[in-house]
$ cat upload_7.tsv   # TSV, C-alpha atoms
chain	number	residue	atom	x	y	z
A	295	MET	CA	0.00	0.00	0.00
A	296	LYS	CA	1.49	3.27	-1.05
A	297	VAL	CA	0.67	6.54	0.60
A	298	GLY	CA	1.74	9.71	-1.09
A	299	HIS	CA	5.35	8.65	-0.76
A	300	GLY	CA	7.81	10.74	-2.66
A	301	GLN	CA	5.19	13.24	-3.76
A	302	GLU	CA	6.05	15.72	-1.04
A	303	THR	CA	8.54	18.41	-1.84
A	304	GLU	CA	10.66	19.70	0.98
A	305	PRO	CA	9.55	23.31	1.46
A	306	SER	CA	13.03	24.44	2.44
A	307	ILE	CA	14.54	23.52	-0.90
A	308	GLU	CA	15.17	26.51	-3.09
A	309	LYS	CA	14.88	26.55	-6.83
A	310	ASP	CA	18.17	27.86	-8.15
A	311	ARG	CA	21.25	25.69	-8.34
A	312	ARG	CA	23.29	27.46	-5.78
A	313	GLY	CA	20.41	27.73	-3.35
A	314	ARG	CA	19.64	24.11	-3.83
A	315	ARG	CA	23.20	23.07	-3.20
A	316	MET	CA	23.27	25.15	-0.08
A	317	SER	CA	20.09	23.69	1.27
A	318	LEU	CA	21.24	20.18	0.45
A	319	TRP	CA	24.32	20.87	2.53
A	320	ARG	CA	22.18	22.44	5.23
A	321	GLN	CA	19.70	19.60	5.23
A	322	LEU	CA	22.31	16.93	5.60
A	323	PHE	CA	24.86	18.52	7.85
A	324	GLY	CA	24.22	22.13	8.58
A	325	LYS	CA	22.47	24.00	11.32
A	326	ARG	CA	18.89	25.09	10.82
A	327	GLU	CA	15.89	25.93	12.87
A	328	PRO	CA	14.70	22.80	14.69
A	329	THR	CA	11.38	21.47	13.37
A	330	SER	CA	8.41	21.21	15.72
A	331	ARG	CA	8.89	17.45	15.48
A	332	GLU	CA	12.40	17.78	16.89
A	333	ILE	CA	11.22	20.17	19.56
A	334	ALA	CA	8.45	17.75	20.56
A	335	LYS	CA	10.92	14.88	20.79
A	336	LYS	CA	13.36	16.87	22.93
A	337	ARG	CA	10.62	18.11	25.25
A	338	LEU	CA	9.20	14.62	25.63
A	339	GLN	CA	12.58	13.11	26.38
A	340	LEU	CA	13.22	15.70	29.03
A	341	ALA	CA	9.76	15.41	30.57
A	342	LEU	CA	9.96	11.62	30.64
A	343	THR	CA	13.41	11.62	32.16
A	344	VAL	CA	12.10	13.85	34.92
A	345	ASP	CA	8.99	11.61	35.29
A	346	ARG	CA	11.00	8.41	35.38
A	347	THR	CA	13.95	9.47	37.48
A	348	ARG	CA	12.09	11.99	39.63
A	349	ILE	CA	15.00	14.37	39.17
A	350	SER	CA	13.44	17.81	39.10
A	351	PRO	CA	14.83	20.85	37.29
A	352	GLN	CA	15.34	22.37	40.75
A	353	LEU	CA	17.57	19.47	41.76
A	354	LEU	CA	19.55	19.87	38.54
A	355	GLU	CA	20.03	23.56	39.33
A	356	MET	CA	21.28	22.65	42.80
A	357	LEU	CA	23.66	20.04	41.41
A	358	LYS	CA	24.95	22.59	38.95
A	359	ASP	CA	25.74	25.11	41.68
A	360	GLU	CA	27.52	22.50	43.77
A	361	ILE	CA	29.49	21.18	40.81
A	362	ILE	CA	30.62	24.71	40.03
A	363	ALA	CA	31.67	25.21	43.66
A	364	VAL	CA	33.64	21.95	43.82
A	365	ILE	CA	35.41	22.28	40.49
A	366	SER	CA	36.18	25.97	40.98
A	367	LYS	CA	38.34	25.01	43.95
A	368	HIS	CA	40.73	23.24	41.60
A	369	LEU	CA	40.19	24.71	38.16
A	370	ASP	CA	39.41	28.03	36.57
A	371	ILE	CA	36.06	27.44	34.88
A	372	ASP	CA	33.52	29.53	33.02
A	373	ALA	CA	30.69	29.28	35.58
A	374	ASP	CA	28.12	30.92	33.28
A	375	GLY	CA	28.73	28.31	30.61
A	376	VAL	CA	28.16	25.28	32.84
A	377	GLN	CA	25.25	23.07	31.79
A	378	VAL	CA	23.88	20.14	33.74
A	379	SER	CA	21.24	18.14	31.93
A	380	LEU	CA	19.59	14.76	31.65
A	381	THR	CA	19.62	12.80	28.44
A	382	GLN	CA	17.88	9.64	27.40
A	383	GLN	CA	18.71	7.16	24.73
A	384	ARG	CA	16.50	4.09	24.61
A	385	SER	CA	16.33	2.98	28.21
A	386	GLU	CA	19.58	4.56	29.33
A	387	HIS	CA	19.41	7.77	31.31
A	388	ARG	CA	22.43	9.92	31.78
A	389	LEU	CA	23.34	12.99	33.78
A	390	VAL	CA	25.55	15.18	31.62
A	391	ALA	CA	27.62	18.09	32.89
A	392	GLU	CA	29.37	20.39	30.46
A	393	ILE	CA	31.99	22.54	32.13
A	394	PRO	CA	33.88	25.01	29.94
A	395	LEU	CA	37.33	25.91	31.19
A	396	ALA	CA	38.17	29.59	31.43
A	397	ASN	CA	41.35	31.45	30.59
A	398	VAL	CA	43.20	28.61	28.90
A	399	PRO	CA	46.15	30.12	27.04
A	400	ARG	CA	46.24	29.20	23.35
A	401	ARG	CA	49.80	28.00	23.55
A	402	ARG	CA	52.38	27.63	26.23
B	273	MET	CA	-9.84	-23.49	23.51
B	274	SER	CA	-8.74	-20.83	25.95
B	275	ALA	CA	-9.06	-17.20	25.11
B	276	THR	CA	-6.31	-14.60	25.30
B	277	VAL	CA	-7.44	-11.49	27.15
B	278	ILE	CA	-6.11	-8.33	25.50
B	279	THR	CA	-6.68	-5.00	27.24
B	280	ILE	CA	-6.58	-1.83	25.16
B	281	THR	CA	-5.49	1.14	27.25
B	282	SER	CA	-3.72	4.48	26.88
B	283	GLY	CA	-3.66	6.72	29.93
B	284	LYS	CA	-4.80	9.74	27.98
B	285	GLY	CA	-8.37	10.00	26.76
B	286	GLY	CA	-9.40	10.55	23.18
B	287	VAL	CA	-6.54	8.73	21.49
B	288	GLY	CA	-8.72	5.97	20.01
B	289	LYS	CA	-8.99	3.11	22.52
B	290	THR	CA	-12.63	2.40	21.78
B	291	THR	CA	-12.18	2.70	18.02
B	292	THR	CA	-9.21	0.36	18.27
B	293	THR	CA	-11.13	-2.17	20.37
B	294	ALA	CA	-14.10	-2.18	17.97
B	295	ASN	CA	-11.92	-2.51	14.90
B	296	LEU	CA	-9.67	-5.21	16.31
B	297	GLY	CA	-12.77	-7.12	17.39
B	298	VAL	CA	-14.16	-6.92	13.87
B	299	ALA	CA	-10.81	-7.74	12.26
B	300	LEU	CA	-10.18	-10.78	14.46
B	301	ALA	CA	-13.73	-12.03	13.82
B	302	LEU	CA	-13.25	-11.50	10.07
B	303	ALA	CA	-10.19	-13.73	10.38
B	304	GLY	CA	-12.43	-16.44	11.77
B	305	LYS	CA	-11.72	-15.99	15.46
B	306	ARG	CA	-14.36	-16.07	18.19
B	307	VAL	CA	-14.21	-12.71	19.92
B	308	VAL	CA	-15.81	-10.86	22.83
B	309	ALA	CA	-15.31	-7.10	23.11
B	310	MET	CA	-15.94	-5.83	26.62
B	311	ASP	CA	-16.53	-2.21	27.56
B	312	ALA	CA	-14.84	-1.56	30.91
B	313	ASP	CA	-15.66	2.14	30.91
B	314	ILE	CA	-18.48	1.95	33.46
B	315	GLY	CA	-20.60	5.10	33.45
B	316	LEU	CA	-19.35	6.35	30.07
B	317	ARG	CA	-20.12	3.51	27.72
B	318	ASN	CA	-19.19	4.02	24.09
B	319	LEU	CA	-18.07	0.75	22.59
B	320	ASP	CA	-21.71	-0.10	21.84
B	321	VAL	CA	-22.24	2.96	19.62
B	322	VAL	CA	-18.91	2.53	17.84
B	323	MET	CA	-19.91	-1.06	17.04
B	324	GLY	CA	-23.46	0.02	16.11
B	325	LEU	CA	-25.11	-2.19	18.75
B	326	GLU	CA	-26.51	0.47	21.09
B	327	ASN	CA	-30.14	-0.42	20.35
B	328	ARG	CA	-29.78	-4.02	21.40
B	329	ILE	CA	-28.61	-3.58	24.97
B	330	VAL	CA	-30.77	-5.19	27.63
B	331	TYR	CA	-28.25	-6.16	30.30
B	332	ASP	CA	-24.74	-4.89	30.94
B	333	LEU	CA	-21.52	-5.81	32.74
B	334	VAL	CA	-22.74	-4.49	36.09
B	335	ASP	CA	-25.91	-6.59	35.80
B	336	VAL	CA	-23.67	-9.64	35.34
B	337	VAL	CA	-21.41	-8.76	38.25
B	338	GLU	CA	-24.35	-8.08	40.54
B	339	GLY	CA	-26.14	-11.24	39.53
B	340	ARG	CA	-29.20	-9.73	37.80
B	341	CYS	CA	-28.59	-11.76	34.67
B	342	ARG	CA	-26.49	-14.61	33.37
B	343	LEU	CA	-23.33	-13.72	31.48
B	344	ARG	CA	-24.80	-14.96	28.19
B	345	GLN	CA	-27.76	-12.61	28.53
B	346	ALA	CA	-25.46	-9.57	28.57
B	347	MET	CA	-23.61	-10.68	25.44
B	348	ILE	CA	-24.83	-8.97	22.28
B	349	ARG	CA	-24.09	-10.69	19.02
B	350	ASP	CA	-22.73	-8.42	16.29
B	351	LYS	CA	-25.09	-7.66	13.38
B	352	ARG	CA	-22.62	-8.69	10.72
B	353	LEU	CA	-20.21	-11.14	12.29
B	354	SER	CA	-21.72	-14.13	14.07
B	355	GLU	CA	-18.55	-14.84	16.06
B	356	LEU	CA	-18.26	-11.35	17.53
B	357	TYR	CA	-19.96	-10.34	20.79
B	358	LEU	CA	-20.17	-7.19	22.84
B	359	ILE	CA	-20.51	-6.95	26.61
B	360	PRO	CA	-21.58	-3.34	27.22
B	361	ALA	CA	-20.70	-1.21	30.21
B	362	ALA	CA	-23.39	0.18	32.50
B	363	GLN	CA	-24.34	3.75	31.74
B	364	THR	CA	-25.90	4.69	35.07
B	365	ARG	CA	-23.28	3.46	37.52
B	366	ASP	CA	-19.67	4.33	38.27
B	367	LYS	CA	-16.37	2.44	38.19
B	368	THR	CA	-16.71	1.17	41.74
B	369	ALA	CA	-19.63	-1.05	40.68
B	370	VAL	CA	-17.03	-3.49	39.31
B	371	SER	CA	-13.83	-4.71	40.98
B	372	PRO	CA	-10.64	-6.08	39.42
B	373	ASP	CA	-11.58	-9.52	40.83
B	374	ASP	CA	-14.99	-9.29	39.10
B	375	MET	CA	-13.24	-8.64	35.80
B	376	VAL	CA	-10.95	-11.64	36.25
B	377	ARG	CA	-13.94	-13.82	37.12
B	378	VAL	CA	-16.02	-12.71	34.12
B	379	CYS	CA	-13.12	-13.20	31.73
B	380	ASP	CA	-12.36	-16.62	33.17
B	381	GLN	CA	-15.98	-17.64	32.54
B	382	LEU	CA	-15.61	-16.60	28.89
B	383	ARG	CA	-12.21	-18.11	28.23
B	384	SER	CA	-13.29	-21.59	27.26
B	385	ASP	CA	-15.69	-20.40	24.53
B	386	PHE	CA	-13.58	-17.77	22.78
B	387	ASP	CA	-10.23	-17.07	21.13
B	388	TYR	CA	-9.90	-13.44	22.14
B	389	ILE	CA	-11.44	-11.25	24.81
B	390	LEU	CA	-10.78	-7.57	24.14
B	391	VAL	CA	-11.20	-5.21	27.08
B	392	ASP	CA	-11.70	-1.52	26.31
B	393	SER	CA	-10.16	0.42	29.17
B	394	PRO	CA	-11.31	3.86	30.29
B	395	ALA	CA	-8.80	6.72	30.30
B	396	GLY	CA	-6.89	7.46	33.48
B	397	ILE	CA	-4.97	5.31	35.93
B	398	GLU	CA	-7.63	4.84	38.58
B	399	ARG	CA	-10.13	2.12	39.35
B	400	GLY	CA	-11.54	1.77	35.82
B	401	TYR	CA	-8.09	1.27	34.35
B	402	GLN	CA	-7.19	-1.17	37.13
B	403	ASN	CA	-10.37	-3.14	36.39
B	404	ALA	CA	-9.49	-3.29	32.71
B	405	VAL	CA	-5.91	-4.38	33.23
B	406	ALA	CA	-6.58	-6.99	35.95
B	407	PRO	CA	-7.62	-9.87	33.64
B	408	ALA	CA	-5.15	-9.03	30.83
B	409	ASP	CA	-2.81	-11.60	29.31
B	410	ARG	CA	-1.60	-9.01	26.85
B	411	ILE	CA	-1.88	-5.24	26.84
B	412	ALA	CA	-2.00	-2.93	23.85
B	413	ILE	CA	-1.23	0.70	24.52
B	414	VAL	CA	-2.76	3.15	22.08
B	415	THR	CA	-1.06	6.49	21.61
B	416	THR	CA	-1.05	9.30	19.08
B	417	PRO	CA	2.15	11.05	17.95
B	418	GLU	CA	1.60	13.90	20.39
B	419	VAL	CA	3.60	14.94	23.43
B	420	ALA	CA	0.78	14.52	25.98
B	421	ALA	CA	-0.36	11.13	24.67
B	422	VAL	CA	3.16	9.70	24.53
B	423	ARG	CA	3.92	10.94	28.01
B	424	ASP	CA	0.79	9.25	29.40
B	425	ALA	CA	1.65	6.07	27.51
B	426	ASP	CA	5.04	6.11	29.22
B	427	ARG	CA	3.34	6.44	32.58
B	428	ILE	CA	1.16	3.40	31.85
B	429	ILE	CA	4.20	1.40	30.75
B	430	GLY	CA	5.87	2.28	34.06
B	431	LEU	CA	2.79	1.28	36.07
B	432	LEU	CA	2.46	-2.05	34.26
B	433	GLU	CA	6.14	-2.76	34.81
B	434	ALA	CA	5.75	-2.03	38.53
B	435	GLU	CA	2.81	-4.46	38.65
B	436	GLY	CA	4.89	-7.17	37.01
B	437	LYS	CA	2.71	-7.39	33.89
B	438	ASP	CA	4.27	-8.48	30.60
B	439	THR	CA	5.65	-5.61	28.54
B	440	PRO	CA	2.78	-4.04	26.60
B	441	GLN	CA	2.73	-3.57	22.85
B	442	LEU	CA	2.23	-0.27	21.11
B	443	ILE	CA	-0.31	0.99	18.58
B	444	ILE	CA	0.37	4.44	17.14
B	445	ASN	CA	-2.96	5.90	16.09
B	446	ARG	CA	-3.88	8.92	13.94
B	447	PHE	CA	-0.48	9.08	12.33
B	448	LYS	CA	-0.03	11.62	9.55
B	449	PRO	CA	2.95	10.53	7.44
B	450	ASP	CA	3.07	13.78	5.47
B	451	MET	CA	3.26	15.89	8.61
B	452	ALA	CA	6.01	13.73	10.07
B	453	ARG	CA	7.88	13.97	6.79
B	454	ARG	CA	7.69	17.76	6.91
B	455	GLY	CA	8.99	17.74	10.48
B	456	ASP	CA	5.65	18.84	11.90
B	457	MET	CA	4.71	15.68	13.82
B	458	LEU	CA	6.55	13.12	15.91
B	459	GLY	CA	7.55	10.23	13.69
B	460	THR	CA	6.81	6.60	14.47
B	461	SER	CA	10.55	6.08	14.98
B	462	ASP	CA	10.62	8.91	17.56
B	463	VAL	CA	7.72	7.40	19.51
B	464	ILE	CA	9.25	3.92	19.49
B	465	GLU	CA	12.64	5.25	20.54
B	466	ILE	CA	11.11	7.15	23.44
B	467	LEU	CA	8.77	4.42	24.70
B	468	ALA	CA	11.08	1.50	23.87
B	469	ILE	CA	8.35	-1.14	23.55
B	470	GLU	CA	7.35	-3.36	20.67
B	471	LEU	CA	5.23	-1.78	17.95
B	472	ILE	CA	2.28	-3.82	16.68
B	473	GLY	CA	0.54	-1.24	14.56
B	474	ILE	CA	0.52	2.15	12.93
B	475	VAL	CA	-2.93	3.46	12.08
B	476	PRO	CA	-3.04	6.46	9.76
B	477	GLU	CA	-5.37	9.37	10.40
B	478	ASP	CA	-8.30	8.55	8.15
B	479	GLU	CA	-11.65	10.26	7.59
B	480	ALA	CA	-13.12	6.80	7.10
B	481	ILE	CA	-12.92	6.37	10.88
B	482	ILE	CA	-15.21	9.33	11.51
B	483	ILE	CA	-17.63	8.20	8.82
B	484	SER	CA	-17.64	4.63	10.10
B	485	THR	CA	-18.25	5.80	13.66
B	486	ASN	CA	-21.14	7.97	12.41
B	487	LYS	CA	-22.69	4.85	10.93
B	488	GLY	CA	-21.73	2.40	13.66
B	489	VAL	CA	-19.91	0.23	11.14
B	490	PRO	CA	-16.24	-0.22	12.13
B	491	ALA	CA	-13.77	0.72	9.39
B	492	ALA	CA	-12.14	-2.72	9.55
B	493	LEU	CA	-15.18	-3.88	7.53
B	494	ASP	CA	-14.36	-1.39	4.78
B	495	GLU	CA	-12.07	-2.96	2.19
B	496	LYS	CA	-10.96	0.41	0.89
B	497	ALA	CA	-10.29	2.27	4.14
B	498	LEU	CA	-6.60	2.66	4.89
B	499	ALA	CA	-7.20	2.67	8.64
B	500	GLY	CA	-9.35	-0.46	8.21
B	501	GLN	CA	-6.43	-2.18	6.50
B	502	ALA	CA	-4.13	-1.06	9.34
B	503	PHE	CA	-6.48	-2.61	11.93
B	504	ARG	CA	-6.75	-5.86	9.94
B	505	ASN	CA	-2.95	-5.98	9.86
B	506	ILE	CA	-2.76	-5.50	13.63
B	507	ALA	CA	-5.24	-8.35	14.09
B	508	ARG	CA	-3.01	-10.64	12.01
B	509	ARG	CA	0.03	-9.63	14.08
B	510	ILE	CA	-1.94	-10.41	17.24
B	511	MET	CA	-2.62	-13.86	15.78
B	512	GLY	CA	1.13	-14.32	15.40
B	513	GLU	CA	1.53	-13.60	11.70
B	514	ASP	CA	4.49	-11.60	10.49
B	515	VAL	CA	2.85	-8.75	8.58
B	516	PRO	CA	4.99	-5.92	7.22
B	517	PHE	CA	3.96	-2.40	8.19
B	518	MET	CA	2.15	-0.43	5.52
B	519	ASN	CA	4.28	2.07	3.72
B	520	LEU	CA	3.30	4.98	5.94
B	521	ARG	CA	6.58	5.44	7.60
B	522	ASP	CA	7.93	8.88	7.57
B	523	SER	CA	11.28	9.40	6.00
B	524	SER	CA	13.37	11.47	8.32
B	525	GLY	CA	16.63	9.58	8.53
B	526	LEU	CA	19.72	10.63	6.63
B	527	PHE	CA	19.26	7.89	4.06
B	528	SER	CA	15.63	8.74	3.34
B	529	ARG	CA	16.46	12.41	3.06
B	530	LEU	CA	19.16	11.58	0.52
B	531	VAL	CA	16.70	9.46	-1.43
B	532	SER	CA	14.06	12.17	-1.41
B	533	LEU	CA	16.56	14.75	-2.56
B	534	ILE	CA	17.76	12.58	-5.41
B	535	LYS	CA	14.19	11.99	-6.48
B	536	GLN	CA	13.56	15.68	-7.05
$ encode --input "upload_7.tsv" --output "structure tokens"
Amino acid sequence: MKVGHGQETEPSIEKDRRGRRMSLWRQLFGKREPTSREIAKKRLQLALTVDRTRISPQLLEMLKDEIIAVISKHLDIDADGVQVSLTQQRSEHRLVAEIPLANVPRRR
Amino acid sequence: MSATVITITSGKGGVGKTTTTANLGVALALAGKRVVAMDADIGLRNLDVVMGLENRIVYDLVDVVEGRCRLRQAMIRDKRLSELYLIPAAQTRDKTAVSPDDMVRVCDQLRSDFDYILVDSPAGIERGYQNAVAPADRIAIVTTPEVAAVRDADRIIGLLEAEGKDTPQLIINRFKPDMARRGDMLGTSDVIEILAIELIGIVPEDEAIIISTNKGVPAALDEKALAGQAFRNIARRIMGEDVPFMNLRDSSGLFSRLVSLIKQ
């Protein structure tokens, strides 16, 4: 049974050659606005991780502050850039902390 | 012969549990199986109208449980399929009129005469849901590709796991392949990845469902309806056949995007 497959044209594809090549690049690799589908998936994953693990955004905020405090004792970090988040892939849940280092000289 | 009890549930309301129950009942009966469809939504009965049997109700599930009639007297034979029966819910009572033990007892009485007993669960996670799930050998969770419905489905999966029930199977209802392809709806692959349970059916959004519900003639009886075909396929999968999914799947992966670009 075939349902309208292949009859859709991607709205983001432009007509001229250059534009088309650009959007092909963009579509495959490049950055673009996330679709509502992607937003829905992200929001769901986050909501479900909170539901399943009972880790609230408030707890994450608290963890973040404490992580910053602990690491700052030993390293110079960019506290504003620190992100603590939960991710989910299949049934695996993961707490991810991203901690940018500050003032690293380019070369010794 | 001993029937398999399959409960159709969802958590969220309005995702198509009753439509699914009616259509799977019809599809299994079309395949030659002996089927009872039971409405466990006491107080808000609907399965009777979806099956077009609302004018034939004399006794209901609560009458059986409270001993006002024999089980057979509450079973309404389908107009079109002689091996399909409905046990309607009571309209004037509430969920507490039936207990989980009552449901197990009624289903056990039916088991020897049927192949499948389908139980249409009410929305929610309270008594009505618990009644519906109590007798289940298998559970089908119906969801739509929407954030709220998927979240509630996940909650149900968690509850069933905590109760030690077998892992439920998933039916994605009201899927719009074109919208998923445009990036405007969760894709079937997204929903499966998030819920991580086995998929047994994808039912496309189809106007035939609304028309068939208007008439009280389930779409599974309509040869031409796409959703009817989807329900017949699910019935065959329930019977253990390996039926490929209809070509509704959205193409959002890298490979599919390449293919669709080349095609232009």
$ interface_residues --input "upload_7.tsv" --of "chain B" --to "chain A" --cutoff "7 Å" --atoms "all atoms listed in the file" --output "ChimeraX atom specification"
/B:419,423,454-458,462,465-466,468,518-520,526,532
$ atom_distance --input "upload_7.tsv" --atom1 "CA of Gly512 (chain B)" --atom2 "CA of Pro476 (chain B)"
21.9 Å
$ atom_distance --input "upload_7.tsv" --atom1 "CA of Arg317 (chain B)" --atom2 "CA of Gln363 (chain B)"
5.8 Å
$ closest_residue --input "upload_7.tsv" --among "A:Val344, A:Leu395, A:Val378, A:Leu389" --to "Glu360 (chain A)" --atoms "only C-alpha atoms"
A:Val378
$ closest_residue --input "upload_7.tsv" --among "B:Ala275, B:Leu333, B:Ile474, B:Ala491" --to "Asp387 (chain B)" --atoms "only C-alpha atoms"
B:Ala275
$ residues_near_point --input "upload_7.tsv" --point "(-28.0, -9.4, 14.6)" --cutoff "12 Å" --atoms "all atoms listed in the file" --output "PyMOL selection string"
chain B and resi 323-329+347-358
$ write_last_selection --input "upload_7.tsv" --atoms "C-alpha atoms" --output "PDB file, in the coordinates of the input"
ATOM      1  CA  MET B 323     -19.910  -1.060  17.040  1.00  0.00           C
ATOM      2  CA  GLY B 324     -23.460   0.020  16.110  1.00  0.00           C
ATOM      3  CA  LEU B 325     -25.110  -2.190  18.750  1.00  0.00           C
ATOM      4  CA  GLU B 326     -26.510   0.470  21.090  1.00  0.00           C
ATOM      5  CA  ASN B 327     -30.140  -0.420  20.350  1.00  0.00           C
ATOM      6  CA  ARG B 328     -29.780  -4.020  21.400  1.00  0.00           C
ATOM      7  CA  ILE B 329     -28.610  -3.580  24.970  1.00  0.00           C
ATOM      8  CA  MET B 347     -23.610 -10.680  25.440  1.00  0.00           C
ATOM      9  CA  ILE B 348     -24.830  -8.970  22.280  1.00  0.00           C
ATOM     10  CA  ARG B 349     -24.090 -10.690  19.020  1.00  0.00           C
ATOM     11  CA  ASP B 350     -22.730  -8.420  16.290  1.00  0.00           C
ATOM     12  CA  LYS B 351     -25.090  -7.660  13.380  1.00  0.00           C
ATOM     13  CA  ARG B 352     -22.620  -8.690  10.720  1.00  0.00           C
ATOM     14  CA  LEU B 353     -20.210 -11.140  12.290  1.00  0.00           C
ATOM     15  CA  SER B 354     -21.720 -14.130  14.070  1.00  0.00           C
ATOM     16  CA  GLU B 355     -18.550 -14.840  16.060  1.00  0.00           C
ATOM     17  CA  LEU B 356     -18.260 -11.350  17.530  1.00  0.00           C
ATOM     18  CA  TYR B 357     -19.960 -10.340  20.790  1.00  0.00           C
ATOM     19  CA  LEU B 358     -20.170  -7.190  22.840  1.00  0.00           C
TER      20      LEU B 358
END
$ atom_distance --input "upload_7.tsv" --atom1 "CA of Ile359 (chain B)" --atom2 "CA of Thr416 (chain B)"
26.4 Å
